[in-house]
Amino acid sequence: MIPQANVVAITAMALINHTLDGLLALCRPDALVMVLGPSAPLSPVLFEHGVAIISGARVVDEAAVMRTVGQARHSSKSRACGC
């Protein structure tokens, strides 16, 4: 399906499990390719490999994140999933 797609969304997990290169190779040169997910690296290097959009997460309050992770619960500010 990827070689036929106009728009391709690839989760950042593909970078972690080493399948990103193969998936990008399947994309048409004119396809709109995005890498998304909280683990997506916000790096311009991806643009050099055909990615047009990067959607990841940026920590702006490290202390709050560390408290939340340390308490193993969801942050009240990150309830977009309805958890």
# chains A, B, ... in the order shown; residues from 1 in each chain; ligands from 1
>>> select_by_dssp(residues="stretch 10-69 of chain A", states="helix (DSSP H, G or I)", output="PyMOL selection string")
chain A and resi 13-16+20-26+44-49+62-69
>>> write_last_selection(atoms="C-alpha atoms", output="tab-separated table (two decimals), in the first residue's frame")
chain	number	residue	atom	x	y	z
A	13	MET	CA	8.47	3.11	16.61
A	14	ALA	CA	9.78	2.36	13.10
A	15	LEU	CA	12.95	4.22	14.04
A	16	ILE	CA	13.27	2.25	17.25
A	20	LEU	CA	12.20	3.31	9.12
A	21	ASP	CA	14.72	3.12	6.26
A	22	GLY	CA	12.77	0.35	4.55
A	23	LEU	CA	9.46	2.15	4.96
A	24	LEU	CA	10.87	5.41	3.62
A	25	ALA	CA	12.28	3.54	0.61
A	26	LEU	CA	8.76	2.37	-0.22
A	44	PRO	CA	15.94	18.14	10.84
A	45	VAL	CA	17.92	15.07	9.75
A	46	LEU	CA	14.62	13.36	8.96
A	47	PHE	CA	13.87	16.07	6.38
A	48	GLU	CA	16.98	14.97	4.49
A	49	HIS	CA	15.45	11.49	4.14
A	62	GLU	CA	11.27	18.25	33.18
A	63	ALA	CA	10.63	18.24	36.93
A	64	ALA	CA	6.89	17.68	36.43
A	65	VAL	CA	7.54	14.84	33.99
A	66	MET	CA	9.99	13.17	36.35
A	67	ARG	CA	7.49	13.46	39.24
A	68	THR	CA	4.72	11.98	37.11
A	69	VAL	CA	6.86	9.14	35.78
>>> residues_around(residues="A:Ala5", least_positions_apart="5", cutoff="12 Å", atoms="only C-alpha atoms", output="PyMOL selection string")
chain A and resi 24+26-33
>>> write_last_selection(atoms="all heavy atoms", output="short mmCIF file (atom, residue, chain, number, x, y, z; two decimals), in the first residue's frame")
data_model
loop_
_atom_site.label_atom_id
_atom_site.label_comp_id
_atom_site.auth_asym_id
_atom_site.auth_seq_id
_atom_site.Cartn_x
_atom_site.Cartn_y
_atom_site.Cartn_z
N LEU A 24 10.63 4.21 4.41
CA LEU A 24 10.87 5.41 3.62
C LEU A 24 11.21 5.06 2.17
O LEU A 24 10.79 5.77 1.24
CB LEU A 24 11.98 6.26 4.24
CG LEU A 24 11.64 6.94 5.57
CD1 LEU A 24 12.87 7.62 6.15
CD2 LEU A 24 10.49 7.93 5.40
N LEU A 26 9.99 2.75 0.47
CA LEU A 26 8.76 2.37 -0.22
C LEU A 26 7.91 3.57 -0.65
O LEU A 26 7.03 3.44 -1.49
CB LEU A 26 7.91 1.46 0.69
CG LEU A 26 8.45 0.08 0.98
CD1 LEU A 26 7.60 -0.61 2.05
CD2 LEU A 26 8.50 -0.75 -0.29
N CYS A 27 8.18 4.73 -0.06
CA CYS A 27 7.37 5.92 -0.33
C CYS A 27 7.70 6.51 -1.70
O CYS A 27 8.86 6.57 -2.10
CB CYS A 27 7.61 6.98 0.74
SG CYS A 27 7.11 6.48 2.39
N ARG A 28 6.65 6.95 -2.38
CA ARG A 28 6.84 7.66 -3.64
C ARG A 28 7.55 8.98 -3.38
O ARG A 28 7.37 9.58 -2.32
CB ARG A 28 5.50 7.97 -4.30
CG ARG A 28 4.78 6.76 -4.80
CD ARG A 28 3.58 7.11 -5.67
NE ARG A 28 3.13 8.48 -5.57
CZ ARG A 28 1.89 8.85 -5.26
NH1 ARG A 28 0.98 7.94 -4.99
NH2 ARG A 28 1.55 10.12 -5.24
N PRO A 29 8.36 9.46 -4.32
CA PRO A 29 9.07 10.73 -4.13
C PRO A 29 8.13 11.92 -3.90
O PRO A 29 8.50 12.87 -3.22
CB PRO A 29 9.85 10.91 -5.43
CG PRO A 29 9.96 9.56 -6.01
CD PRO A 29 8.73 8.81 -5.57
N ASP A 30 6.91 11.86 -4.45
CA ASP A 30 5.98 12.97 -4.31
C ASP A 30 4.99 12.78 -3.15
O ASP A 30 4.10 13.60 -2.95
CB ASP A 30 5.21 13.20 -5.61
CG ASP A 30 4.36 12.01 -6.01
OD1 ASP A 30 4.71 10.87 -5.65
OD2 ASP A 30 3.33 12.21 -6.68
N ALA A 31 5.13 11.72 -2.36
CA ALA A 31 4.23 11.47 -1.24
C ALA A 31 4.54 12.41 -0.08
O ALA A 31 5.69 12.81 0.13
CB ALA A 31 4.35 10.02 -0.77
N LEU A 32 3.51 12.77 0.66
CA LEU A 32 3.67 13.55 1.89
C LEU A 32 3.94 12.53 3.00
O LEU A 32 3.08 11.72 3.33
CB LEU A 32 2.41 14.35 2.21
CG LEU A 32 2.43 15.12 3.52
CD1 LEU A 32 3.47 16.23 3.47
CD2 LEU A 32 1.06 15.70 3.80
N VAL A 33 5.14 12.56 3.55
CA VAL A 33 5.56 11.57 4.54
C VAL A 33 5.71 12.25 5.89
O VAL A 33 6.35 13.30 5.99
CB VAL A 33 6.90 10.90 4.13
CG1 VAL A 33 7.34 9.88 5.17
CG2 VAL A 33 6.77 10.25 2.77
#
>>> atom_distance(atom1="atom CA of A:Val51", atom2="atom CA of A:Met1")
17.6 Å
>>> atom_distance(atom1="atom CA of A:Pro41", atom2="atom CA of A:Val59")
12.1 Å
>>> residues_around(residues="A:Ser55", least_positions_apart="3", cutoff="7 Å", atoms="only C-alpha atoms", output="VMD selection string")
chain A and resid 35 to 37 40
>>> atom_distance(atom1="atom CA of A:Ala72", atom2="atom CA of A:Pro38")
17.2 Å
>>> select_by_dssp(residues="chain A", states="strand (DSSP E or B)", output="list in words")
Val7, Val8, Ala9, Ile10, Thr11, Leu32, Val33, Met34, Val35, Leu36, Ile53, Ile54 and Ser55 of chain A
>>> write_last_selection(atoms="all heavy atoms", output="CSV table (one decimal), in the first residue's frame")
chain,number,residue,atom,x,y,z
A,7,VAL,N,-0.2,10.1,1.0
A,7,VAL,CA,0.2,10.5,2.3
A,7,VAL,C,0.5,9.3,3.1
A,7,VAL,O,-0.2,8.3,3.1
A,7,VAL,CB,-1.0,11.3,3.0
A,7,VAL,CG1,-0.6,11.6,4.4
A,7,VAL,CG2,-1.5,12.5,2.2
A,8,VAL,N,1.7,9.3,3.8
A,8,VAL,CA,2.2,8.2,4.5
A,8,VAL,C,2.5,8.7,6.0
A,8,VAL,O,3.3,9.6,6.1
A,8,VAL,CB,3.4,7.6,3.9
A,8,VAL,CG1,3.9,6.4,4.7
A,8,VAL,CG2,3.2,7.1,2.5
A,9,ALA,N,1.9,8.1,6.9
A,9,ALA,CA,2.2,8.3,8.4
A,9,ALA,C,2.9,7.1,8.9
A,9,ALA,O,2.4,6.0,8.9
A,9,ALA,CB,0.9,8.6,9.1
A,10,ILE,N,4.1,7.4,9.4
A,10,ILE,CA,4.9,6.3,10.0
A,10,ILE,C,5.1,6.6,11.5
A,10,ILE,O,5.6,7.7,11.8
A,10,ILE,CB,6.3,6.2,9.3
A,10,ILE,CG1,6.1,6.0,7.8
A,10,ILE,CG2,7.2,5.1,9.9
A,10,ILE,CD1,7.4,6.1,7.0
A,11,THR,N,4.9,5.7,12.3
A,11,THR,CA,5.1,5.9,13.8
A,11,THR,C,6.6,5.9,14.1
A,11,THR,O,7.4,5.3,13.4
A,11,THR,CB,4.4,4.9,14.7
A,11,THR,OG1,5.0,3.6,14.5
A,11,THR,CG2,2.9,4.8,14.4
A,32,LEU,N,3.5,12.8,0.7
A,32,LEU,CA,3.7,13.5,1.9
A,32,LEU,C,3.9,12.5,3.0
A,32,LEU,O,3.1,11.7,3.3
A,32,LEU,CB,2.4,14.4,2.2
A,32,LEU,CG,2.4,15.1,3.5
A,32,LEU,CD1,3.5,16.2,3.5
A,32,LEU,CD2,1.1,15.7,3.8
A,33,VAL,N,5.1,12.6,3.5
A,33,VAL,CA,5.6,11.6,4.5
A,33,VAL,C,5.7,12.2,5.9
A,33,VAL,O,6.3,13.3,6.0
A,33,VAL,CB,6.9,10.9,4.1
A,33,VAL,CG1,7.3,9.9,5.2
A,33,VAL,CG2,6.8,10.2,2.8
A,34,MET,N,5.1,11.6,6.9
A,34,MET,CA,5.2,12.2,8.3
A,34,MET,C,5.7,11.1,9.2
A,34,MET,O,5.3,9.9,9.0
A,34,MET,CB,3.9,12.8,8.7
A,34,MET,CG,2.8,11.8,8.8
A,34,MET,SD,1.2,12.7,9.2
A,34,MET,CE,0.7,13.1,7.6
A,35,VAL,N,6.5,11.5,10.2
A,35,VAL,CA,6.9,10.6,11.3
A,35,VAL,C,6.2,11.2,12.5
A,35,VAL,O,6.4,12.4,12.8
A,35,VAL,CB,8.4,10.5,11.4
A,35,VAL,CG1,8.8,9.7,12.7
A,35,VAL,CG2,9.0,9.9,10.2
A,36,LEU,N,5.5,10.3,13.3
A,36,LEU,CA,4.8,10.9,14.4
A,36,LEU,C,4.8,9.9,15.6
A,36,LEU,O,5.0,8.8,15.5
A,36,LEU,CB,3.3,11.2,14.0
A,36,LEU,CG,2.6,10.1,13.4
A,36,LEU,CD1,1.4,9.7,14.2
A,36,LEU,CD2,2.1,10.5,12.0
A,53,ILE,N,6.9,16.1,7.5
A,53,ILE,CA,6.3,16.5,8.8
A,53,ILE,C,6.9,15.6,9.9
A,53,ILE,O,6.9,14.4,9.8
A,53,ILE,CB,4.8,16.4,8.8
A,53,ILE,CG1,4.2,17.3,7.6
A,53,ILE,CG2,4.2,16.7,10.1
A,53,ILE,CD1,2.8,17.1,7.4
A,54,ILE,N,7.3,16.2,11.0
A,54,ILE,CA,7.6,15.5,12.2
A,54,ILE,C,6.7,15.9,13.4
A,54,ILE,O,6.6,17.1,13.6
A,54,ILE,CB,9.1,15.7,12.6
A,54,ILE,CG1,10.1,15.4,11.5
A,54,ILE,CG2,9.5,14.9,13.9
A,54,ILE,CD1,11.5,16.0,11.7
A,55,SER,N,6.1,15.0,14.0
A,55,SER,CA,5.2,15.3,15.1
A,55,SER,C,5.6,14.5,16.3
A,55,SER,O,5.4,13.3,16.4
A,55,SER,CB,3.8,15.0,14.8
A,55,SER,OG,2.9,15.3,15.9
>>> decode(residues="stretch 31-52 of chain A", atoms="N, CA, C and O atoms", output="tab-separated table (two decimals), in the first residue's frame")
chain	number	residue	atom	x	y	z
A	31	ALA	N	5.13	11.72	-2.36
A	31	ALA	CA	4.23	11.47	-1.24
A	31	ALA	C	4.54	12.41	-0.08
A	31	ALA	O	5.69	12.81	0.13
A	32	LEU	N	3.51	12.77	0.66
A	32	LEU	CA	3.67	13.55	1.89
A	32	LEU	C	3.94	12.53	3.00
A	32	LEU	O	3.08	11.72	3.33
A	33	VAL	N	5.14	12.56	3.55
A	33	VAL	CA	5.56	11.57	4.54
A	33	VAL	C	5.71	12.25	5.89
A	33	VAL	O	6.35	13.30	5.99
A	34	MET	N	5.11	11.64	6.91
A	34	MET	CA	5.25	12.17	8.26
A	34	MET	C	5.68	11.07	9.22
A	34	MET	O	5.34	9.91	9.04
A	35	VAL	N	6.48	11.46	10.20
A	35	VAL	CA	6.87	10.58	11.29
A	35	VAL	C	6.24	11.17	12.54
A	35	VAL	O	6.41	12.36	12.82
A	36	LEU	N	5.49	10.35	13.26
A	36	LEU	CA	4.78	10.89	14.41
A	36	LEU	C	4.78	9.94	15.60
A	36	LEU	O	5.05	8.77	15.46
A	37	GLY	N	4.53	10.52	16.73
A	37	GLY	CA	4.49	9.79	17.99
A	37	GLY	C	5.37	10.47	19.01
A	37	GLY	O	6.27	11.24	18.65
A	38	PRO	N	5.12	10.22	20.28
A	38	PRO	CA	5.88	10.91	21.32
A	38	PRO	C	7.38	10.65	21.27
A	38	PRO	O	8.17	11.46	21.71
A	39	SER	N	7.80	9.53	20.68
A	39	SER	CA	9.23	9.24	20.61
A	39	SER	C	9.86	9.73	19.30
A	39	SER	O	11.04	9.48	19.06
A	40	ALA	N	9.10	10.43	18.47
A	40	ALA	CA	9.66	10.95	17.21
A	40	ALA	C	10.72	12.00	17.53
A	40	ALA	O	10.44	12.97	18.23
A	41	PRO	N	11.91	11.81	17.00
A	41	PRO	CA	12.96	12.80	17.27
A	41	PRO	C	12.69	14.08	16.48
A	41	PRO	O	12.43	14.03	15.28
A	42	LEU	N	12.70	15.20	17.14
A	42	LEU	CA	12.45	16.47	16.48
A	42	LEU	C	13.77	16.95	15.86
A	42	LEU	O	14.37	17.92	16.30
A	43	SER	N	14.20	16.24	14.84
A	43	SER	CA	15.51	16.48	14.23
A	43	SER	C	15.35	16.78	12.74
A	43	SER	O	14.67	16.03	12.03
A	44	PRO	N	16.00	17.83	12.27
A	44	PRO	CA	15.94	18.14	10.84
A	44	PRO	C	16.59	17.08	9.95
A	44	PRO	O	16.38	17.08	8.75
A	45	VAL	N	17.31	16.15	10.54
A	45	VAL	CA	17.92	15.07	9.75
A	45	VAL	C	16.85	14.27	9.01
A	45	VAL	O	17.06	13.83	7.88
A	46	LEU	N	15.69	14.11	9.62
A	46	LEU	CA	14.62	13.36	8.96
A	46	LEU	C	14.19	14.03	7.66
A	46	LEU	O	13.80	13.35	6.71
A	47	PHE	N	14.24	15.35	7.60
A	47	PHE	CA	13.87	16.07	6.38
A	47	PHE	C	14.78	15.69	5.22
A	47	PHE	O	14.35	15.68	4.07
A	48	GLU	N	16.02	15.37	5.52
A	48	GLU	CA	16.98	14.97	4.49
A	48	GLU	C	16.68	13.58	3.92
A	48	GLU	O	17.26	13.19	2.91
A	49	HIS	N	15.77	12.85	4.57
A	49	HIS	CA	15.45	11.49	4.14
A	49	HIS	C	14.02	11.38	3.62
A	49	HIS	O	13.46	10.28	3.58
A	50	GLY	N	13.44	12.50	3.23
A	50	GLY	CA	12.12	12.47	2.60
A	50	GLY	C	10.94	12.72	3.51
A	50	GLY	O	9.80	12.71	3.06
A	51	VAL	N	11.18	12.94	4.78
A	51	VAL	CA	10.10	13.22	5.72
A	51	VAL	C	9.74	14.70	5.61
A	51	VAL	O	10.62	15.56	5.61
A	52	ALA	N	8.45	15.00	5.50
A	52	ALA	CA	8.00	16.39	5.38
A	52	ALA	C	7.47	16.94	6.70
A	52	ALA	O	7.54	18.14	6.94
